[in-house]
Amino acid sequence: MSFRATVLTLYPQMFPGPLGISLAGRALADGTWSLDPVDIRDFANDRHRTVDDTPAGGGPGMVMRADVLARAIDAVSPASDTRPRLLMSPRGKPLSQSDVRHYAETPGLTIVCGRFEGIDERVIEARNLIEVSIGDYVLSGGEIAAMVTLDAIVRLLPGVMGAADSAHEESFEDGLLEYPQYTRPAQWEGREIPPVLLSGDHGKVARWRRAQAEALTRRRRPDLLSATAPQPGNKEG
């Protein structure tokens with residue numbers, strides 16, 4: 001069974017966008033996964049297809065209505081649908097590589113793309129939406145965040161990447177950033193490929209890569225090392 005993604009959005013014309021090319025695009029074309037962008041406005045009841053209203057309590061902007069969005073969610077994700085329901089939101093849990101791996105093992109996702117000031121909190125609670133963030137910044141809407149999330153997931157689906165080991169030697173897979181990569185020519189503008197990589201000694205290469213990954217992570221993302229360090233009182237063995 002292929003991975004099935006349904007995206008609820010006010011701009012279905014944005015899809016597949018970049019998901020229609022490269023690895024994700026080839027996988028989409030060969031049926032490894034499917035993508036169904038659904039227009040939330042189709043579930044409005046008035047002739048103007050209204051999906052938003054002013055914030056309760058006052059304030060700037062508009063808020064997406066719970067009744068309209070709930071009808072859209074119920075139509076594409078009925079009670080029998082086991083797929084997780086995500087809401088792309090800057091206040092959500094930051095998306096991690098472990099999350100991506102988890103979602104890649106599910107039948108698919110229903111993803112809600114917010115707009116305006118956000119969506120009515122009641123629909124988040126009533127429809128069990130999982131709020132997910134791709135970073136500490138605000139976008140115009142959830143569509144680009146949904147594309148980022150789906151691209152990260154689709155590349156991990158079986159058969160999508162050419163080399164099975166590629167996904168296991170990337171940044172974040174073992175709590176470290178990826179080690180530096182090199183290829184021919186051996187010399188370029190006076191810079192050489194580190195000799196150990198040309199030695200043919202796979203053990204030395206592996207140790208060098210591990211040391212480089214640890215050093216790079218320590219310089220750029222020490223928070224990753226803190227997150228994976230053993231906690232006081234815990235024993236390994």
# chains A, B, ... in the order shown; residues from 1 in each chain; ligands from 1
call {"tool": "residues_around", "arguments": {"residues": "segment 98-106 of chain A", "least_positions_apart": "2", "cutoff": "8 Å", "atoms": "only C-alpha atoms", "output": "list in words"}}
result
Phe3, Arg83, Leu95, Ser96, Gly108, Leu109, Thr149, Ala152, Ile153, Val154, Leu156, Leu157 and Glu173 of chain A
call {"tool": "closest_atom_pairs", "arguments": {"of": "segment 25-82 of chain A", "to": "segment 120-138 of chain A", "cutoff": "8 Å", "atoms": "only C-alpha atoms", "output": "Markdown table"}}
result
| residue | atom | partner | partner_atom | distance |
| --- | --- | --- | --- | --- |
| A:Val63 | CA | A:Asp120 | CA | 6.4 |
| A:Met64 | CA | A:Asp120 | CA | 6.0 |
| A:Arg65 | CA | A:Asp120 | CA | 5.9 |
| A:Ala66 | CA | A:Val123 | CA | 5.2 |
| A:Asp67 | CA | A:Val123 | CA | 7.9 |
| A:Leu69 | CA | A:Val123 | CA | 7.5 |
| A:Ala70 | CA | A:Val123 | CA | 6.3 |
| A:Ile73 | CA | A:Arg127 | CA | 7.9 |
call {"tool": "select_by_dssp", "arguments": {"residues": "segment 3-113 of chain A", "states": "alpha helix (DSSP H)", "output": "PyMOL selection string"}}
result
chain A and resi 22-29+66-76+97-104
call {"tool": "residues_around", "arguments": {"residues": "segment 7-17 of chain A", "least_positions_apart": "5", "cutoff": "6 Å", "atoms": "only C-alpha atoms", "output": "ChimeraX atom specification"}}
result
/A:37-40,110-113
call {"tool": "write_last_selection", "arguments": {"atoms": "N, CA and C atoms", "output": "tab-separated table (two decimals), in the first residue's frame"}}
result
chain	number	residue	atom	x	y	z
A	37	PRO	N	-4.32	17.41	-2.95
A	37	PRO	CA	-4.59	18.72	-2.36
A	37	PRO	C	-6.08	19.04	-2.44
A	38	VAL	N	-6.68	19.44	-1.33
A	38	VAL	CA	-8.12	19.68	-1.24
A	38	VAL	C	-8.35	21.13	-0.82
A	39	ASP	N	-9.23	21.82	-1.54
A	39	ASP	CA	-9.54	23.22	-1.28
A	39	ASP	C	-10.51	23.34	-0.11
A	40	ILE	N	-10.09	23.98	0.97
A	40	ILE	CA	-10.94	24.15	2.15
A	40	ILE	C	-12.18	24.96	1.81
A	110	THR	N	-2.87	13.31	6.87
A	110	THR	CA	-3.74	14.42	6.50
A	110	THR	C	-3.09	15.67	7.09
A	111	ILE	N	-2.80	16.65	6.25
A	111	ILE	CA	-2.09	17.85	6.69
A	111	ILE	C	-2.97	19.07	6.47
A	112	VAL	N	-3.17	19.82	7.53
A	112	VAL	CA	-3.94	21.06	7.45
A	112	VAL	C	-2.97	22.24	7.36
A	113	CYS	N	-3.18	23.09	6.36
A	113	CYS	CA	-2.35	24.27	6.17
A	113	CYS	C	-3.13	25.50	6.61
call {"tool": "closest_residue", "arguments": {"among": "A:Leu139, A:Ala75, A:Ala27, A:Ala215", "to": "Leu177 of chain A", "atoms": "only C-alpha atoms"}}
result
A:Ala215
call {"tool": "select_by_dssp", "arguments": {"residues": "segment 25-100 of chain A", "states": "strand (DSSP E)", "output": "list in words"}}
result
Trp33, Ser34, Leu35, Asp36, Pro37, Val38, Asp39, Asp52, Asp53, Val63, Met64, Arg85, Leu86, Leu87, Met88, Ser89, Pro90, Arg91, Gly92, Lys93 and Pro94 of chain A
call {"tool": "closest_residue", "arguments": {"among": "A:Arg4, A:Glu214, A:Tyr179, A:Ala29", "to": "Leu197 of chain A", "atoms": "only C-alpha atoms"}}
result
A:Tyr179
call {"tool": "closest_residue", "arguments": {"among": "A:Gly142, A:Pro60, A:Pro55, A:Pro78", "to": "Pro90 of chain A", "atoms": "only C-alpha atoms"}}
result
A:Gly142
call {"tool": "closest_residue", "arguments": {"among": "A:Pro158, A:Pro185, A:Gly175, A:Pro222", "to": "Leu23 of chain A", "atoms": "only C-alpha atoms"}}
result
A:Pro158
call {"tool": "residues_around", "arguments": {"residues": "segment 203-211 of chain A", "least_positions_apart": "2", "cutoff": "10 Å", "atoms": "only C-alpha atoms", "output": "short mmCIF file (atom, residue, chain, number, x, y, z; two decimals) with C-alpha atoms, in the first residue's frame"}}
result
data_model
loop_
_atom_site.label_atom_id
_atom_site.label_comp_id
_atom_site.auth_asym_id
_atom_site.auth_seq_id
_atom_site.Cartn_x
_atom_site.Cartn_y
_atom_site.Cartn_z
CA LEU A 176 25.12 14.31 14.91
CA LEU A 177 25.51 16.53 11.89
CA GLU A 178 26.85 14.77 8.82
CA TYR A 179 30.61 14.59 8.27
CA PRO A 180 32.19 16.57 5.38
CA GLN A 181 31.93 15.06 1.91
CA PRO A 194 41.93 14.51 3.23
CA PRO A 195 44.42 11.66 2.61
CA VAL A 196 42.59 9.25 4.94
CA LEU A 197 39.65 9.19 2.52
CA LEU A 198 41.96 7.96 -0.24
CA SER A 199 43.72 5.39 1.94
CA GLY A 200 41.39 2.49 1.26
CA ASP A 201 41.31 1.69 4.97
CA ALA A 213 30.82 14.65 12.67
CA GLU A 214 31.32 15.06 16.41
CA ALA A 215 33.58 18.09 15.97
CA LEU A 216 31.20 19.75 13.50
CA THR A 217 28.22 19.15 15.78
#
call {"tool": "decode", "arguments": {"residues": "segment 99-152 of chain A", "atoms": "C-alpha atoms", "output": "tab-separated table (two decimals), in the first residue's frame"}}
result
chain	number	residue	atom	x	y	z
A	99	ASP	CA	9.42	12.20	13.62
A	100	VAL	CA	10.03	11.95	9.90
A	101	ARG	CA	10.99	8.29	10.22
A	102	HIS	CA	7.88	7.62	12.29
A	103	TYR	CA	5.56	9.24	9.75
A	104	ALA	CA	7.25	7.39	6.89
A	105	GLU	CA	6.09	4.15	8.51
A	106	THR	CA	2.43	5.22	8.64
A	107	PRO	CA	-0.17	4.79	5.85
A	108	GLY	CA	0.09	8.52	5.18
A	109	LEU	CA	-0.96	11.89	6.57
A	110	THR	CA	-3.74	14.42	6.50
A	111	ILE	CA	-2.09	17.85	6.69
A	112	VAL	CA	-3.94	21.06	7.45
A	113	CYS	CA	-2.35	24.27	6.17
A	114	GLY	CA	-3.36	27.28	8.23
A	115	ARG	CA	-3.60	30.85	6.99
A	116	PHE	CA	-4.44	34.28	8.45
A	117	GLU	CA	-3.83	34.58	12.23
A	118	GLY	CA	-4.40	30.85	12.67
A	119	ILE	CA	-7.32	28.48	13.06
A	120	ASP	CA	-10.01	28.21	15.72
A	121	GLU	CA	-8.55	26.35	18.71
A	122	ARG	CA	-11.69	24.26	19.06
A	123	VAL	CA	-11.11	22.38	15.82
A	124	ILE	CA	-7.54	21.60	16.88
A	125	GLU	CA	-8.90	19.99	20.04
A	126	ALA	CA	-11.97	18.32	18.53
A	127	ARG	CA	-10.17	16.77	15.56
A	128	ASN	CA	-6.95	15.84	17.40
A	129	LEU	CA	-4.65	17.86	15.18
A	130	ILE	CA	-0.95	17.43	15.90
A	131	GLU	CA	0.76	20.81	15.64
A	132	VAL	CA	4.10	20.60	13.87
A	133	SER	CA	6.66	23.35	13.24
A	134	ILE	CA	9.56	23.40	10.79
A	135	GLY	CA	11.35	26.23	12.59
A	136	ASP	CA	11.15	29.27	14.83
A	137	TYR	CA	9.82	31.67	12.21
A	138	VAL	CA	6.46	32.53	10.66
A	139	LEU	CA	5.45	31.80	7.06
A	140	SER	CA	2.51	33.21	5.11
A	141	GLY	CA	0.78	29.86	5.44
A	142	GLY	CA	1.31	26.17	6.08
A	143	GLU	CA	1.75	25.08	2.47
A	144	ILE	CA	5.54	25.43	2.25
A	145	ALA	CA	5.90	23.78	5.67
A	146	ALA	CA	3.73	20.90	4.43
A	147	MET	CA	5.99	20.51	1.38
A	148	VAL	CA	9.09	20.43	3.58
A	149	THR	CA	7.52	17.81	5.81
A	150	LEU	CA	6.37	15.61	2.92
A	151	ASP	CA	9.71	15.86	1.10
A	152	ALA	CA	11.54	14.70	4.23
